[in-house]
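> My questions all concern the structure below.
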There are 2 protein chains.
Amino acid sequence: MLLTLEWKNNYLLLIDQTKLPTKLSYVKCKNYLEVADAIKKLVVRGAPAIGVTAAFGLALAALNSKTDNLKIFFEELNDAYEIIRSTRPTAVNLQWALNRIMQKINHLTNIPLIKKVIVEEAILMAEEDISTNKSIGINGAKLFSDGDTIMTHCNAGSLATVAYGTALGVVRAAKESGKKINVIATETRPVMQGSRLTAFELQHENINVCLIPDTAVGHIMAKGMIKHVVVGADRILHTGHVFNKIGTYQLAILAKTHNIPFYVVAPSSTFDLKNHPNDIVIEERSKEEVIKIGKKAVAPKNIDVINPAFDMTPPELITKIITEKGILSPPYNRSIKKLMK
Amino acid sequence: MLLTLEWKNNYLLLIDQTKLPTKLSYVKCKNYLEVADAIKKLVVRGAPAIGVTAAFGLALAALNSKTDNLKIFFEELNDAYEIIRSTRPTAVNLQWALNRIMQKINHLTNIPLIKKVIVEEAILMAEEDISTNKSIGINGAKLFSDGDTIMTHCNAGSLATVAYGTALGVVRAAKESGKKINVIATETRPVMQGSRLTAFELQHENINVCLIPDTAVGHIMAKGMIKHVVVGADRILHTGHVFNKIGTYQLAILAKTHNIPFYVVAPSSTFDLKNHPNDIVIEERSKEEVIKIGKKAVAPKNIDVINPAFDMTPPELITKIITEKGILSPPYNRSIKKLMK
């Protein structure tokens, strides 16, 4: 089993996802600034994975603190909180994980104890991530039949979580229950998480996978090749609006047009019960991601580019939302409220 | 004005489109095999451009023939016809151009005269291509208003024709008539004709252009940024079914979903009055186009890939078809029949 991140007592080890699929290598983070940098540069990505990574970032900030003054200690911790929180704006799990740690310790006054509690809580969150994904998998796998071909976008796999994955966790669970599942993965431009990560991790585990350009989605659906679409989520609002990798929205429209069920798969830590669609900042990333691939220029140097990292899929395009606590059906404003109370 | 191809009396000069946007260089074809190779390798691409290129391929086959035996001469010409015709199966203009040359000479018996007629006919076709595109432009430009932002896919520009372009010819004509037009170009994976060619040629002529990943089409449309979509065509059936670059079909669905007019722009040589949707072969290209960019691997080496070069857009998704002879409206089976009789 690939471990996206691993706590080594005084440092965090991350698979360097920017080097995949050509090289499986690791980045060692010894302080929270290195953690923030790894999240920004997509060394680690995927909403659940960056949540747990952020928690270990706070653990490193706490462990590295030299002060015995509680006020200064909390100031240092809050600085780390802010710097890690601001690395990426769209996924909610990052904020969720940081808040969970802070709530666990904000009433404590003994610095050595706080350090211990933060580390233990981060380790617990990493373990929970895997068990949550396995529960999601068991819930979702019931929706698939032996021989189904499933389309997925981006990477909501092992590499987007600590291990096992959300959308791909469902595929893994279906396979473990004896069903043969074929996956069609979209490349997912511009960062190519489909070709670089989903193709890599499924091939690594001998799950049938076939890659298509993002332009071929409609054509492949029209040919009747796809039974279900499964994607992850970076944030799910209480209204059922889903923020996920750019391209998810159009995939959902195309699925609906071709009468293909469209499933969003995510842990309940992805739900945002407070904000409304217009409140959410969609991260705009560098144009370099679009105009260069490695060192090769694929577009004129001075060209204007729009490069949003995420988009919003409205609830009416979503057939089911699969979580560790159960499968949600429309109307989502009601089913999410019921699940989360 | 960029000339995609230029006849130099005893050879054909082609812009090497595989080297764009980083380098504007040329390939010299001195015989028809070099022409066939250039078409196959996408040195030259775009349905109208490969039509005229094919005509010059036949011209080179004729000019290079050493025989004075008419039967042998026609055998050589037919060999060249077959080899050029089989380079790419989907675009109809290739076949159309070759047939136009053959019909012009099949009753002639004087070899030097035949050589002269073929060369003259090919030159005429190159000239007609530009004037046809200018007529298309004048017809289409009426549909655009000052300040409109237009989305286009792939490259149906100057580089897809001898010069001026079809879909981008309409943009040029609108600009020449004093309207300010902004273009949003999709990258168009896997060969990236949008980033490499459309962005290059529009920037070259100071037309506002902004590049987006293919995954951002739905998101950009949902934001209300697009007034019209214009695409070219590789083949338009008498039923109104349009074969064009992979991704066109899903662009048409997304345009319809967002109530954005979807225009197909092509010369009347693109119409296929004989075949039905199931008769058309959609070219499947090498997986190398998808798993490598330049020398950089972007996917695992042994991954399965589906890489169709084209898709089919049904008539119900098409708002208008713009040709040099006029603008067609649905029902296309009737309007195409009327136009082509």
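Residue names in the structure tokens use chain letters A, B, ... in the order shown, residue numbers from 1 in each chain, and ligand numbers from 1 in the order shown.
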Taking only C-alpha atoms into account and nothing else, which residues of chain A lie no more than 9 Å away from chain B? Please answer as a PyMOL selection string.
chain A and resi 20-22+187-190+192+194-197+199-200+203+208-220+245-251+253-254+257+290-291+293-312
> Which residues are near Val35 in chain B? Cut-off 9 Å, only C-alpha atoms, ignore same chain within fewer than 5 positions. Put them as a list in words.
Leu12, Lys28, Cys29, Lys30, Lys40, Thr53, Ala54, Phe56, Gly57, Leu60 and Ile84 of chain B
> Nearest to Pro314 in chain B: which of B:Tyr26, B:Phe243, B:Phe74, B:Phe271 is it, counting only C-alpha atoms?
B:Phe243
> I'd like the neighbourhood of Ala55 in chain B as number ranges by chain, where a residue qualifies if any of its atoms comes within 9 Å (using only C-alpha atoms), though same-chain residues fewer than 2 positions away should be ignored.
B: 50-53, 57-60, 94, 97-98, 100-101, 118-119, 121-123, 125
> Filtering to C-alpha atoms, could you give me those residues as a PDB file, in the first residue's frame?

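Heads up, here's the output in result-v5.pdb:
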```
ATOM      1  CA  ILE B  50      -4.425  19.001 -46.147  1.00  0.00           C
ATOM      2  CA  GLY B  51      -6.778  19.088 -49.146  1.00  0.00           C
ATOM      3  CA  VAL B  52      -4.609  21.606 -50.997  1.00  0.00           C
ATOM      4  CA  THR B  53      -1.421  19.900 -49.782  1.00  0.00           C
ATOM      5  CA  GLY B  57       1.304  15.970 -53.715  1.00  0.00           C
ATOM      6  CA  LEU B  58      -0.339  14.731 -56.907  1.00  0.00           C
ATOM      7  CA  ALA B  59       1.348  17.566 -58.805  1.00  0.00           C
ATOM      8  CA  LEU B  60       4.741  16.416 -57.509  1.00  0.00           C
ATOM      9  CA  LEU B  94      -8.356  15.376 -48.676  1.00  0.00           C
ATOM     10  CA  ALA B  97      -9.123  17.631 -53.492  1.00  0.00           C
ATOM     11  CA  LEU B  98      -7.614  14.453 -54.932  1.00  0.00           C
ATOM     12  CA  ARG B 100     -11.073  17.175 -58.173  1.00  0.00           C
ATOM     13  CA  ILE B 101      -7.584  16.850 -59.663  1.00  0.00           C
ATOM     14  CA  ILE B 118      -2.522  19.287 -62.460  1.00  0.00           C
ATOM     15  CA  VAL B 119      -0.092  21.973 -61.326  1.00  0.00           C
ATOM     16  CA  GLU B 121      -5.432  23.133 -60.797  1.00  0.00           C
ATOM     17  CA  ALA B 122      -3.554  22.755 -57.504  1.00  0.00           C
ATOM     18  CA  ILE B 123      -2.454  26.404 -57.649  1.00  0.00           C
ATOM     19  CA  MET B 125      -7.260  25.393 -55.383  1.00  0.00           C
TER      20      MET B 125
END
```
> Which residues come within 8 Å of Leu5 in chain B, counting only C-alpha atoms, excluding same-chain residues fewer than 3 positions away, as a ChimeraX atom specification?
/B:12-15,49,53,162
> Identify, with DSSP run on backbone atoms, the residues in range 285-334 of chain A assigned to strand (DSSP E or B), and express the list as a ChimeraX atom specification.
/A:292-293,296-297,304-305,308,310-313,320-323,326-328
> Taking only range 26-67 of chain B into account, list the residues labelled alpha helix (DSSP H) by DSSP (computed from the backbone), as an MDAnalysis selection string.
chainID B and resid 32:40 47:64
> Convert the current residue selection to file output with N, CA, C and O atoms, as a compact mmCIF listing (two decimals), in the first residue's frame.

```
# COMPACT_ATOMS: atom_id res chain seq x y z
N TYR B 32 5.91 13.16 -53.69
CA TYR B 32 4.62 12.93 -53.02
C TYR B 32 4.75 12.12 -51.74
O TYR B 32 3.91 12.23 -50.85
N LEU B 33 5.80 11.31 -51.63
CA LEU B 33 5.97 10.54 -50.40
C LEU B 33 6.30 11.47 -49.23
O LEU B 33 5.83 11.26 -48.10
N GLU B 34 7.08 12.49 -49.51
CA GLU B 34 7.37 13.49 -48.47
C GLU B 34 6.10 14.25 -48.09
O GLU B 34 5.89 14.61 -46.93
N VAL B 35 5.23 14.48 -49.07
CA VAL B 35 3.95 15.14 -48.80
C VAL B 35 3.08 14.25 -47.90
O VAL B 35 2.53 14.72 -46.89
N ALA B 36 2.98 12.97 -48.25
CA ALA B 36 2.17 12.03 -47.46
C ALA B 36 2.70 11.97 -46.03
O ALA B 36 1.93 11.98 -45.05
N ASP B 37 4.02 11.92 -45.90
CA ASP B 37 4.65 11.86 -44.59
C ASP B 37 4.34 13.12 -43.77
O ASP B 37 4.06 13.04 -42.57
N ALA B 38 4.39 14.27 -44.42
CA ALA B 38 4.11 15.54 -43.73
C ALA B 38 2.67 15.58 -43.23
O ALA B 38 2.39 16.08 -42.14
N ILE B 39 1.74 15.03 -44.00
CA ILE B 39 0.33 14.99 -43.57
C ILE B 39 0.18 14.05 -42.37
O ILE B 39 -0.45 14.39 -41.37
N LYS B 40 0.80 12.88 -42.48
CA LYS B 40 0.69 11.88 -41.40
C LYS B 40 1.25 12.41 -40.10
O LYS B 40 0.70 12.17 -39.03
N ALA B 47 -8.39 20.41 -42.17
CA ALA B 47 -9.00 19.79 -43.34
C ALA B 47 -8.72 20.56 -44.64
O ALA B 47 -8.25 19.97 -45.62
N PRO B 48 -8.97 21.88 -44.72
CA PRO B 48 -8.71 22.58 -45.98
C PRO B 48 -7.23 22.56 -46.36
O PRO B 48 -6.89 22.35 -47.54
N ALA B 49 -6.34 22.72 -45.40
CA ALA B 49 -4.90 22.74 -45.71
C ALA B 49 -4.43 21.40 -46.23
O ALA B 49 -3.64 21.33 -47.19
N ILE B 50 -4.90 20.29 -45.64
CA ILE B 50 -4.43 19.00 -46.15
C ILE B 50 -5.05 18.69 -47.50
O ILE B 50 -4.44 17.98 -48.31
N GLY B 51 -6.21 19.24 -47.80
CA GLY B 51 -6.78 19.09 -49.15
C GLY B 51 -5.85 19.68 -50.19
O GLY B 51 -5.42 18.99 -51.14
N VAL B 52 -5.47 20.93 -50.02
CA VAL B 52 -4.61 21.61 -51.00
C VAL B 52 -3.22 20.97 -51.02
O VAL B 52 -2.62 20.79 -52.09
N THR B 53 -2.73 20.59 -49.85
CA THR B 53 -1.42 19.90 -49.78
C THR B 53 -1.45 18.61 -50.60
O THR B 53 -0.51 18.30 -51.34
N ALA B 54 -2.55 17.87 -50.47
CA ALA B 54 -2.70 16.62 -51.22
C ALA B 54 -2.69 16.89 -52.72
O ALA B 54 -2.07 16.14 -53.50
N ALA B 55 -3.34 17.97 -53.14
CA ALA B 55 -3.36 18.33 -54.57
C ALA B 55 -1.93 18.57 -55.07
O ALA B 55 -1.55 18.09 -56.14
N PHE B 56 -1.14 19.28 -54.27
CA PHE B 56 0.26 19.50 -54.67
C PHE B 56 1.07 18.21 -54.60
O PHE B 56 2.05 18.04 -55.33
N GLY B 57 0.67 17.29 -53.75
CA GLY B 57 1.30 15.97 -53.72
C GLY B 57 1.14 15.27 -55.05
O GLY B 57 2.09 14.71 -55.61
N LEU B 58 -0.10 15.32 -55.59
CA LEU B 58 -0.34 14.73 -56.91
C LEU B 58 0.46 15.47 -57.98
O LEU B 58 1.00 14.85 -58.91
N ALA B 59 0.56 16.78 -57.85
CA ALA B 59 1.35 17.57 -58.80
C ALA B 59 2.80 17.10 -58.80
O ALA B 59 3.41 16.92 -59.87
N LEU B 60 3.35 16.88 -57.60
CA LEU B 60 4.74 16.42 -57.51
C LEU B 60 4.89 15.02 -58.10
O LEU B 60 5.88 14.72 -58.79
N ALA B 61 3.90 14.14 -57.85
CA ALA B 61 3.94 12.79 -58.43
C ALA B 61 3.98 12.88 -59.95
O ALA B 61 4.75 12.17 -60.62
N ALA B 62 3.14 13.76 -60.52
CA ALA B 62 3.08 13.92 -61.97
C ALA B 62 4.39 14.49 -62.50
O ALA B 62 5.00 13.94 -63.44
N LEU B 63 4.86 15.57 -61.89
CA LEU B 63 6.08 16.24 -62.37
C LEU B 63 7.29 15.33 -62.30
O LEU B 63 8.16 15.36 -63.16
N ASN B 64 7.34 14.49 -61.25
CA ASN B 64 8.51 13.62 -61.06
C ASN B 64 8.47 12.36 -61.92
O ASN B 64 9.45 11.61 -61.97
```
> I'd like the interatomic distance between CA of Thr18 in chain A and CA of Leu159 in chain A, to a tenth of an Å.
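These two atoms are separated by 11.5 Å.
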> Just how far from CA of Ile130 in chain A is CA of Lys325 in chain A, in Å to one decimal?
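Atom-to-atom, CA of Lys325 in chain A to CA of Ile130 in chain A, that is 14.1 Å.
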> Kindly indicate which residue among B:Ala233, B:Lys41, B:Asp68, B:Gly224 lies nearest to Arg88 in chain B, using only C-alpha atoms for the distances.
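Distance minimum relative to Arg88 in chain B lands on B:Lys41.
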> As an exercise, work out the distance from CA of Lys337 in chain B to CA of Gly240 in chain B in Å and give it to one decimal place.
10.2 Å
